[in-house]
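Here the structure comes first, spelled out in structure tokens, and everything after it is commentary.
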2 protein chains.
Amino acid sequence: MAKARKQPRPKAETPKGFRDYFGPDVTERKAMLDKIAEVYDLYGFDPLETSAVETVEALGKFLPDVDRPNEGVFAWQEEDSDWVALRYDLTAPLARVAAQYRNDLPFPYRRYAMGPVWRNEKPGPGRFRQFYQCDADTVGAPSVAADAEICAMLADTLEAVGIPRGDYIVRVNNRKVLDGVLEALGLSEDDENIRQAVLRTIDKYDKVGVEGVWELLTKGRLDESGAFIEGVGLSMEQAQIIGQFLQSRCEAAAETIDLLAQMIGESARGQQGVAELEQIAKLLEAQGYGPDRIVIDPSVVRGLGYYTGPVFEAELTFEITDEKGRPRQFGSVAGGGRYDDLVKRFTGQEVPATGVSIGVDRLLAALRAKGRIGGEARGPVIVTVMDRDRMADYQAMVRELRAEGIRAEVYLGNPKNFGNQLKYADRRGAPIAVIEGGDEKERGVVQIKDLVLGAKIAESATLDEWKSQPAQFECPRTEMVAQIRARLNG
Amino acid sequence: MAKARKQPRPKAETPKGFRDYFGPDVTERKAMLDKIAEVYDLYGFDPLETSAVETVEALGKFLPDVDRPNEGVFAWQEEDSDWVALRYDLTAPLARVAAQYRNDLPFPYRRYAMGPVWRNEKPGPGRFRQFYQCDADTVGAPSVAADAEICAMLADTLEAVGIPRGDYIVRVNNRKVLDGVLEALGLSEDDENIRQAVLRTIDKYDKVGVEGVWELLTKGRLDESGAFIEGVGLSMEQAQIIGQFLQSRCEAAAETIDLLAQMIGESARGQQGVAELEQIAKLLEAQGYGPDRIVIDPSVVRGLGYYTGPVFEAELTFEITDEKGRPRQFGSVAGGGRYDDLVKRFTGQEVPATGVSIGVDRLLAALRAKGRIGGEARGPVIVTVMDRDRMADYQAMVRELRAEGIRAEVYLGNPKNFGNQLKYADRRGAPIAVIEGGDEKERGVVQIKDLVLGAKIAESATLDEWKSQPAQFECPRTEMVAQIRARLNG
């Protein structure tokens, strides 16, 4: 084996676009995933965990003539073999699983999945190349009752993780209705390019407003940076009808549906879409999901090309303050829809499927922005080391504390400098430090330092209070655990 | 955008060496990770989650002159930039983090991490290229009190996940002792090649026995397949002393340590190792970890080159039956040790560190092999669809059940064939199916089918019992939830 040459020191850095999560970042996300899983489980969904790596073929994003198929994904070639890639979402692996195990799984197959996905995109502020998704999908359920259920579950889930009713809205639309509107406008369903261009334009509605959409659908528009965005080339009349379509959301679902029915003309596809929306609205209403939770909103399109029917999106409606102190809407935290063609890629048979994906990291950011999570995690009780030869005694103390379920540790750094031990306790957010020197040992007592109270006193104490040191007291060694427990609960 | 050419259907397959985890596989692992995290937390360890991707430089396994550094890891080159790779363990990322955040983290830094790691190795039966690890490490604690604590925590953790005392043993050794023995044998510490060869040989002790070790350390040995493994070239006398070293584990730690002290002669390094083992043994004994849980065992070396002092390994001592029906020992499920040089790679400063890694998937396999986990997960209550126009009624039923915390779902497949609905309920492991046809609706009742009881009766019922159908009964719609709850709890 060749010996390594002397090298310069490696840089201790996360790769560009990736990050590390510490302490509460990890436990808060875990707590959220646990709560989401609880709701998904209650609805009868089973967990599935696929591997991070899929064949590029199964991910199916790529053209056959690209040598290095890493557009948007992290991909590499196996030795003399296939290209593989990190999954970029949890839907593509599900489609693969539904096809691979089609003879073994119960259908409809309800599954949930949670875990990281990877995107080979340019990282930006707050945009990372690895992030969590949390999906629930029903594969093999043709009826829109499955879509309605997903929407209801999404609302329940948001409330379960701590978004109160009124602070979110689930918006539902149906791709077929838009198809119908385009058909009624004389834009043939066959002209996929125009349809996609219209979809992409509508997706910008939230940003550019209805007049922006008019411009983009017709002759084009100068964007904020001054660049000219070419138009789709529709007539102004056509663009206005699409604008009207986007704005046809009413308080009551039935009204919205009436408006839509007028816009689709004779289009069979449009009529099917309206009927589906009507059915979804009825099912949800029957279960008590009113417009305070779920609403029919034609402006929802969802970017992804693979949706074939109902689409939905959950939006947080409260304002937060951005980095520059400006108020802004938080926006979308989850989305999904029906995709009847994804499994067909593998098997040739159409398999109806519908599902939702929650952007867990965004949802966490929202809860943090609202101050609903993100308190400092409580650190362990720190038993300090006054005499390094009595380590066994100190270990016995933490052992007793842990046996009572109290998080505790002995200071394991160099004990020489006692100040460093207290500094450490402070950095760990320790609520209490325990001190047992030779004198205390002899007298059968320990010193208990209440660091939480100590910090409070340090902020506001008078000199006398300061001197009286109420935050530190002595107690018999035998009462140590009880005294600490009382302080922690108090 | 170019349009994709018509392609053959992609294969629905996991990439070679990867697998999918369904239902209980996921929840059982999660439950185990939760229990482990609870113990780690109690000991004062904080969670850390690094990204799956690291720079190859930070992973630091590679020679600078290799063009494609994918030996053992999955690596790829970023566009016009660095090589990156999937992490192959959780220790290398920790070393990177400890260096990167050295000014912000509290030291000693106690962290735990759990998640998948990836190995680009030839897959085999039961050997996958993605698997879970679950690590706890203390960085910045020079004293072996930190190692002792990790060993104690490892024992606690194994018991917490369901391995009773007596079914596991934590074996502890110290690399320095072996170095001392080699030094006493006249094998200079500088001759790293010989030292590594001896380490590798000792690692095979469990497989080849002491005589095999003698052969391998001296003139070589024919292995099972008939291939000749070259020997290390020691004299038989040297080999026998090493053999003696390997077998010097006694019931009482103090006896083992006495034996070791005799073998290291004047070696300062050996003496340091023995003193450290003695200290570890004393600390553990003081806390009540006797030889039924933790034992000093000189035959433990751990393969990894980076360990510098204490090393430890947890082994399950019960027998399981392998695929061919033969009894065998289950073997190692966790291992670790002290590695004082890993962080130094980045900073130039020595940072003492010690930790353990639990092979979660192996531990799960052990618990399954012993039948301690792996009961079928209970499926949801299935509300069948007798009349597809009354979907809202059926949804109301599952809603009521869920509100009581009962997992439930409406059948969302094509409801035409009622037999398919019951087959589905069976495949889901549903305990109960609910039936409400037009007749029941009119009379204000529902039929409740106890599928668990039904299955029992089907196995052993007489014709009369069969006819009387005690597994299916009618109850008022208003009592449905209460009746189902009673059956589920009964």
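The way I read the labels, and the way they are meant: chains A, B, ... in the order of the structure tokens, residue 1 as the first residue of every chain, and ligand 1 as the first ligand shown, with later ones counted on from there.
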
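The protein and nucleic acid residues lying at most 7 Å from range 400-413 of chain A are A:Pro380, A:Val381, A:Ile382, A:Val383, A:Thr384, A:Val385, A:Tyr394, A:Gln395, A:Ala396, A:Met397, A:Gln421, A:Val481, B:Asp41, B:Leu42, B:Tyr43, B:Gly44, B:Pro108, B:Gly140, B:Ala141, B:Pro142, B:Ala146, with only C-alpha atoms considered and sequence neighbours fewer than 3 positions away removed.
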
Residue list (strand (DSSP E or B), DSSP) for range 71-242 of chain B, as a CSV table (one decimal) with C-alpha atoms, in the first residue's frame:
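Contents of the output file result_0.csv:
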```
chain,number,residue,atom,x,y,z
B,72,GLY,CA,-14.9,2.5,-0.5
B,75,ALA,CA,-17.9,10.0,-4.6
B,76,TRP,CA,-18.5,12.5,-7.4
B,77,GLN,CA,-17.0,15.7,-8.6
B,83,TRP,CA,-14.8,16.0,-5.0
B,84,VAL,CA,-17.5,15.2,-2.5
B,85,ALA,CA,-18.8,11.9,-1.1
B,86,LEU,CA,-21.5,10.3,1.0
B,109,TYR,CA,-18.4,18.3,23.4
B,110,ARG,CA,-20.7,15.4,23.9
B,111,ARG,CA,-22.8,14.6,20.9
B,112,TYR,CA,-24.8,11.8,19.6
B,113,ALA,CA,-25.7,11.2,15.9
B,114,MET,CA,-28.0,8.7,14.2
B,115,GLY,CA,-28.6,8.2,10.6
B,116,PRO,CA,-27.6,6.3,7.5
B,117,VAL,CA,-24.0,5.9,6.2
B,118,TRP,CA,-23.0,4.6,2.8
B,120,ASN,CA,-19.2,1.5,-1.7
B,124,GLY,CA,-23.7,-9.5,-0.2
B,127,ARG,CA,-24.8,-6.7,3.6
B,130,GLN,CA,-26.6,1.9,3.2
B,131,PHE,CA,-27.2,1.2,6.8
B,132,TYR,CA,-27.8,3.0,10.1
B,133,GLN,CA,-25.3,4.0,12.7
B,134,CYS,CA,-26.0,5.5,16.1
B,135,ASP,CA,-22.9,7.1,17.7
B,136,ALA,CA,-22.1,8.9,20.9
B,137,ASP,CA,-18.8,10.6,21.3
B,138,THR,CA,-17.1,12.9,23.8
B,139,VAL,CA,-14.6,15.3,22.1
B,168,TYR,CA,-24.5,-9.1,26.2
B,169,ILE,CA,-21.0,-8.3,27.3
B,170,VAL,CA,-19.0,-5.1,26.7
B,171,ARG,CA,-15.3,-6.0,26.3
B,172,VAL,CA,-12.7,-3.4,26.9
B,173,ASN,CA,-9.0,-3.3,25.9
B,174,ASN,CA,-6.3,-0.7,25.3
B,220,GLY,CA,1.6,-18.2,7.3
B,221,ARG,CA,-1.5,-20.4,7.0
B,222,LEU,CA,-3.8,-22.1,4.6
B,228,PHE,CA,-2.2,-19.4,1.5
B,229,ILE,CA,-2.2,-16.4,3.7
B,230,GLU,CA,1.3,-15.1,4.2
```

(request) Extract, using only C-alpha atoms, all DNA, RNA and protein residues at most 10 Å from Asp258 in chain B, discarding same-chain residues fewer than 4 positions from it, and format them as a ChimeraX atom specification. (result) /B:248,250,253-254,262-263,274,278

(message) Please identify the helix (DSSP H, G or I) residues within range 146-388 of chain B (assignment by DSSP from backbone atoms) and present them as a PyMOL selection string.
(response) chain B and resi 146-160+175-184+192-202+205-217+236-246+253-263+268-286+344-347+360-369+388

(message) For Leu284 in chain B, find every residue with an atom within 9 Å (counting only C-alpha atoms), except residues of its own chain fewer than 6 positions away, and show them as a PyMOL selection string.
(response) (chain A and resi 392) or (chain B and resi 148-149+151-152+290+294)
